[in-house]
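Trainee: Structure provided below as structure tokens; questions to follow.
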Amino acid sequence: QVNDLTNENTKLQQDKYELSTLQQLYKLSSQYDEYKTTGARVIAKDSGNWYHSFVIDKGYDNGLSIDMNVMAGSGLVGRITDVGPNWSKVISIIDDNSNVSGMVLSTSDNLIVCGDLELYDDGLIRFENLVDNADRVVEGDKIVTSHVSDKYLPGILIGYISSISMDANNLTKSGLITPAVDFEHLEEVLVITELKQ
């Protein structure tokens with residue numbers, strides 16, 4: 001009887017956790033209601049602590065295709081890079097090979113968000129090539145995907161500037177961003193089922 005109750009309790013805790021994850025995704029979906037989305041579950045990931053590359057349980061049978069954008073938590077996770085009938089591979093923005101064209105929301109200044117797995121050990125990602133001649137960009141500013149990105153739809157939250165400094169060339173700035181997504185814990189994601197035109 002104790003075993004039964006323990007199992008039942010564990011299942012209830014799992015259900016509660018899953019419900020809160022789904023509520024979070026629903027909230028995220030309604031924040032970006034101009035985009036059509038579908039939920040998917042993470043079914044495999046590369047080795048290591050971080051979800052820098054992983055597989056989800058939907059594919060082209062579900063209408064998914066390469067370069068569709070993927071979100072979770074409060075913002076951007078990455079994009080689909082490979083797709084099968086009932087699975088898709090996602091590369092996330094913290095991956096060393098990832099570069100995303102971003103924009104400071106408050107000033108519309110463009111920058112590049114660069115994946116860096118070593119840096120993500122501290123929960124941060126890098127940005128560079130920010131031209132901010134008027135010195136208007138400050139710590140805490142929101143970074144979103146920019147209109148000039150070739151793969152990412154505009155206006156998806158990437159994170160918040162946590163530090164910023166002038167580059168040696170005295171023309172551009174670079175710094176660190178705290179991402180809007182926790183890349184250590186990903187179970188369910190939202191895929192935007194339209195492509196950047």
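Identifiers in the structure tokens: chain A, B, ... in order shown; residue index from 1 per chain; ligand index from 1 in order shown.
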Could you list, as a PyMOL selection string, every residue within 10 Å of A:Leu186, counting only C-alpha atoms and ignoring same-chain residues fewer than 4 positions away?
Mentor: chain A and resi 21+41-42+45+50-51+54+72-73+77+181-182
Trainee: Output C-alpha atoms for every residue in that selection, as an mmCIF file, in the first residue's frame.
Mentor:
```cif
data_model
loop_
_atom_site.group_PDB
_atom_site.id
_atom_site.type_symbol
_atom_site.label_atom_id
_atom_site.label_comp_id
_atom_site.auth_asym_id
_atom_site.auth_seq_id
_atom_site.Cartn_x
_atom_site.Cartn_y
_atom_site.Cartn_z
ATOM 1 C CA THR A 21 5.252 23.623 -18.125
ATOM 2 C CA ARG A 41 8.359 17.372 -26.573
ATOM 3 C CA VAL A 42 12.129 16.969 -26.331
ATOM 4 C CA LYS A 45 19.726 15.628 -26.619
ATOM 5 C CA TRP A 50 23.001 22.004 -21.858
ATOM 6 C CA TYR A 51 20.371 21.627 -24.537
ATOM 7 C CA PHE A 54 18.319 18.234 -29.292
ATOM 8 C CA ALA A 72 10.356 27.924 -24.710
ATOM 9 C CA GLY A 73 10.405 29.635 -21.314
ATOM 10 C CA VAL A 77 15.509 28.576 -28.119
ATOM 11 C CA VAL A 181 15.385 30.529 -21.733
ATOM 12 C CA ASP A 182 16.877 28.083 -19.227
#
```
Trainee: Taking the chain letters and numbering used in this document, name the residues of stretch 26-152 of chain A that DSSP puts in helix (DSSP H, G or I), as a list in words.
Mentor: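 Selecting the helix (DSSP H, G or I) positions of stretch 26-152 of chain A gives Tyr26, Lys27, Leu28, Ser29, Ser30, Gln31, Tyr60, Asp61, Asn62, Leu117, Glu118, Leu119 and Tyr120 of chain A.
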Trainee: Save the residues we just selected, all heavy atoms, as an mmCIF file, in the first residue's frame?
Mentor:
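File produced: result-v5.cif:
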```
data_model
loop_
_atom_site.group_PDB
_atom_site.id
_atom_site.type_symbol
_atom_site.label_atom_id
_atom_site.label_comp_id
_atom_site.auth_asym_id
_atom_site.auth_seq_id
_atom_site.Cartn_x
_atom_site.Cartn_y
_atom_site.Cartn_z
ATOM 1 N N TYR A 26 1.661 27.894 -22.968
ATOM 2 C CA TYR A 26 0.433 28.556 -23.410
ATOM 3 C C TYR A 26 0.576 30.076 -23.290
ATOM 4 O O TYR A 26 0.195 30.823 -24.183
ATOM 5 C CB TYR A 26 -0.766 28.060 -22.585
ATOM 6 C CG TYR A 26 -2.039 28.771 -22.947
ATOM 7 C CD1 TYR A 26 -2.694 28.488 -24.159
ATOM 8 C CD2 TYR A 26 -2.585 29.747 -22.124
ATOM 9 C CE1 TYR A 26 -3.841 29.153 -24.519
ATOM 10 C CE2 TYR A 26 -3.732 30.416 -22.484
ATOM 11 C CZ TYR A 26 -4.364 30.123 -23.679
ATOM 12 O OH TYR A 26 -5.501 30.803 -24.037
ATOM 13 N N LYS A 27 1.170 30.502 -22.185
ATOM 14 C CA LYS A 27 1.394 31.933 -21.954
ATOM 15 C C LYS A 27 2.325 32.493 -23.037
ATOM 16 O O LYS A 27 2.094 33.559 -23.597
ATOM 17 C CB LYS A 27 2.011 32.121 -20.556
ATOM 18 C CG LYS A 27 2.010 33.541 -20.052
ATOM 19 C CD LYS A 27 2.435 33.572 -18.588
ATOM 20 C CE LYS A 27 3.292 34.792 -18.337
ATOM 21 N NZ LYS A 27 4.023 34.747 -17.094
ATOM 22 N N LEU A 28 3.383 31.740 -23.339
ATOM 23 C CA LEU A 28 4.344 32.143 -24.367
ATOM 24 C C LEU A 28 3.649 32.237 -25.726
ATOM 25 O O LEU A 28 3.824 33.201 -26.466
ATOM 26 C CB LEU A 28 5.496 31.136 -24.424
ATOM 27 C CG LEU A 28 6.636 31.438 -25.391
ATOM 28 C CD1 LEU A 28 7.373 32.710 -24.998
ATOM 29 C CD2 LEU A 28 7.614 30.280 -25.441
ATOM 30 N N SER A 29 2.823 31.235 -26.018
ATOM 31 C CA SER A 29 2.105 31.200 -27.285
ATOM 32 C C SER A 29 1.184 32.410 -27.421
ATOM 33 O O SER A 29 1.083 33.017 -28.486
ATOM 34 C CB SER A 29 1.294 29.905 -27.363
ATOM 35 O OG SER A 29 0.455 29.920 -28.475
ATOM 36 N N SER A 30 0.530 32.805 -26.331
ATOM 37 C CA SER A 30 -0.380 33.954 -26.427
ATOM 38 C C SER A 30 0.375 35.282 -26.518
ATOM 39 O O SER A 30 -0.127 36.252 -27.050
ATOM 40 C CB SER A 30 -1.406 33.954 -25.284
ATOM 41 O OG SER A 30 -0.785 33.739 -24.056
ATOM 42 N N GLN A 31 1.638 35.308 -26.018
ATOM 43 C CA GLN A 31 2.470 36.513 -26.178
ATOM 44 C C GLN A 31 2.830 36.737 -27.641
ATOM 45 O O GLN A 31 3.027 37.858 -28.081
ATOM 46 C CB GLN A 31 3.781 36.367 -25.389
ATOM 47 C CG GLN A 31 3.688 36.784 -23.945
ATOM 48 C CD GLN A 31 4.975 36.464 -23.202
ATOM 49 O OE1 GLN A 31 5.796 35.661 -23.640
ATOM 50 N NE2 GLN A 31 5.167 37.078 -22.063
ATOM 51 N N TYR A 60 8.063 16.362 -40.421
ATOM 52 C CA TYR A 60 7.325 16.879 -41.575
ATOM 53 C C TYR A 60 5.912 16.317 -41.676
ATOM 54 O O TYR A 60 5.047 16.926 -42.289
ATOM 55 C CB TYR A 60 8.103 16.751 -42.887
ATOM 56 C CG TYR A 60 8.609 15.381 -43.271
ATOM 57 C CD1 TYR A 60 7.744 14.356 -43.647
ATOM 58 C CD2 TYR A 60 9.979 15.125 -43.303
ATOM 59 C CE1 TYR A 60 8.222 13.111 -44.026
ATOM 60 C CE2 TYR A 60 10.464 13.881 -43.681
ATOM 61 C CZ TYR A 60 9.583 12.876 -44.043
ATOM 62 O OH TYR A 60 10.056 11.637 -44.407
ATOM 63 N N ASP A 61 5.638 15.163 -41.049
ATOM 64 C CA ASP A 61 4.250 14.670 -40.992
ATOM 65 C C ASP A 61 3.354 15.632 -40.220
ATOM 66 O O ASP A 61 2.134 15.624 -40.384
ATOM 67 C CB ASP A 61 4.188 13.281 -40.326
ATOM 68 C CG ASP A 61 4.704 12.187 -41.251
ATOM 69 O OD1 ASP A 61 4.981 12.491 -42.439
ATOM 70 O OD2 ASP A 61 4.836 11.036 -40.786
ATOM 71 N N ASN A 62 3.961 16.437 -39.343
ATOM 72 C CA ASN A 62 3.213 17.426 -38.542
ATOM 73 C C ASN A 62 3.335 18.829 -39.131
ATOM 74 O O ASN A 62 2.996 19.812 -38.480
ATOM 75 C CB ASN A 62 3.725 17.441 -37.094
ATOM 76 C CG ASN A 62 3.838 16.048 -36.508
ATOM 77 O OD1 ASN A 62 4.903 15.446 -36.522
ATOM 78 N ND2 ASN A 62 2.732 15.518 -36.026
ATOM 79 N N LEU A 117 29.335 27.823 -25.765
ATOM 80 C CA LEU A 117 28.975 26.861 -24.714
ATOM 81 C C LEU A 117 29.785 27.051 -23.436
ATOM 82 O O LEU A 117 29.282 26.839 -22.342
ATOM 83 C CB LEU A 117 29.127 25.431 -25.230
ATOM 84 C CG LEU A 117 27.965 24.962 -26.113
ATOM 85 C CD1 LEU A 117 28.276 23.616 -26.733
ATOM 86 C CD2 LEU A 117 26.675 24.891 -25.317
ATOM 87 N N GLU A 118 31.058 27.456 -23.575
ATOM 88 C CA GLU A 118 31.870 27.680 -22.369
ATOM 89 C C GLU A 118 31.279 28.798 -21.533
ATOM 90 O O GLU A 118 31.193 28.717 -20.312
ATOM 91 C CB GLU A 118 33.305 28.046 -22.756
ATOM 92 C CG GLU A 118 34.223 26.835 -22.760
ATOM 93 C CD GLU A 118 35.660 27.224 -23.068
ATOM 94 O OE1 GLU A 118 36.170 28.162 -22.428
ATOM 95 O OE2 GLU A 118 36.249 26.590 -23.960
ATOM 96 N N LEU A 119 30.862 29.857 -22.227
ATOM 97 C CA LEU A 119 30.281 31.007 -21.546
ATOM 98 C C LEU A 119 28.958 30.634 -20.893
ATOM 99 O O LEU A 119 28.604 31.145 -19.833
ATOM 100 C CB LEU A 119 30.068 32.120 -22.577
ATOM 101 C CG LEU A 119 29.847 33.521 -22.072
ATOM 102 C CD1 LEU A 119 30.979 33.955 -21.160
ATOM 103 C CD2 LEU A 119 29.759 34.482 -23.243
ATOM 104 N N TYR A 120 28.217 29.703 -21.548
ATOM 105 C CA TYR A 120 26.916 29.345 -20.989
ATOM 106 C C TYR A 120 27.033 28.606 -19.653
ATOM 107 O O TYR A 120 26.075 28.526 -18.901
ATOM 108 C CB TYR A 120 26.047 28.545 -21.980
ATOM 109 C CG TYR A 120 24.625 28.536 -21.478
ATOM 110 C CD1 TYR A 120 23.852 29.694 -21.552
ATOM 111 C CD2 TYR A 120 24.096 27.439 -20.819
ATOM 112 C CE1 TYR A 120 22.588 29.736 -21.011
ATOM 113 C CE2 TYR A 120 22.823 27.475 -20.272
ATOM 114 C CZ TYR A 120 22.073 28.629 -20.371
ATOM 115 O OH TYR A 120 20.822 28.686 -19.808
#
```
Trainee: Which residues are near stretch 156-158 of chain A? Cut-off 6 Å, only C-alpha atoms, ignore same chain within fewer than 2 positions. Put them as a VMD selection string.
Mentor: chain A and resid 75 to 76 143 to 145 154 179 to 180
Trainee: Write down as a list in words the residues belonging to stretch 91-147 of chain A that are assigned strand (DSSP E or B) by DSSP computed on the backbone.
Mentor: Ile91, Ser92, Asn99, Val100, Ser101, Gly102, Met103, Val104, Asn110, Leu111, Ile112, Val113, Cys114, Ile125, Arg126, Phe127, Glu128, Asn129, Leu130, Lys142, Ile143, Val144 and Thr145 of chain A
Trainee: Using only C-alpha atoms, find the one residue out of A:Ile91, A:Leu190, A:Leu64, A:Val70 that sits nearest to A:His52.
Mentor: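 That would be A:Ile91, the residue with the smallest distance to A:His52.
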Trainee: For A:Asp132, which residue among A:Thr172, A:Cys114, A:Ser101, A:Ser149 is the nearest when counting only C-alpha atoms?
Mentor: A:Thr172
Trainee: Can you tell me, as number ranges by chain, what residues are no more than 9 Å from A:Asn99 when counting only C-alpha atoms, ignoring any on the same chain fewer than 6 positions away?
Mentor: A: 93, 112-115
Trainee: Those same residues - N, CA, C and O atoms - I'd like them written as a short mmCIF file (atom, residue, chain, number, x, y, z; two decimals), in the first residue's frame.
Mentor:
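Output file again_17.cif is given in full below:
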```
data_model
loop_
_atom_site.label_atom_id
_atom_site.label_comp_id
_atom_site.auth_asym_id
_atom_site.auth_seq_id
_atom_site.Cartn_x
_atom_site.Cartn_y
_atom_site.Cartn_z
N ILE A 93 20.48 28.59 -29.63
CA ILE A 93 21.28 29.81 -29.78
C ILE A 93 22.53 29.81 -28.89
O ILE A 93 23.38 30.67 -29.06
N ILE A 112 24.93 41.18 -33.13
CA ILE A 112 24.97 39.73 -33.40
C ILE A 112 25.06 38.99 -32.07
O ILE A 112 25.91 39.31 -31.23
N VAL A 113 24.16 38.02 -31.88
CA VAL A 113 24.18 37.18 -30.68
C VAL A 113 24.91 35.89 -31.04
O VAL A 113 24.54 35.20 -32.00
N CYS A 114 26.00 35.59 -30.30
CA CYS A 114 26.87 34.46 -30.65
C CYS A 114 26.79 33.36 -29.59
O CYS A 114 26.95 33.63 -28.41
N GLY A 115 26.57 32.14 -30.06
CA GLY A 115 26.59 31.00 -29.14
C GLY A 115 27.99 30.76 -28.62
O GLY A 115 28.97 31.01 -29.31
#
```
Trainee: Can you pull out every residue within 10 Å of A:Gly140, counting only C-alpha atoms, but drop anything in the same chain fewer than 4 positions away, and send it as a PyMOL selection string?
Mentor: chain A and resi 159-163+177-178
Trainee: Please identify all polymer residues within 10 Å of A:Ile43, counting only C-alpha atoms, omitting same-chain residues fewer than 5 positions from it, and present them as a list of chain:residue names.
Mentor: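 The filter keeps A:Phe54, A:Val55, A:Ile56, A:Asp57, A:Lys58, A:Trp87, A:Ser88, A:Glu187, A:Glu188.
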Trainee: Can you measure atom CA of A:Lys173 to atom CA of A:Asp141 for me? One decimal in Å is fine.
Mentor: 14.1 Å
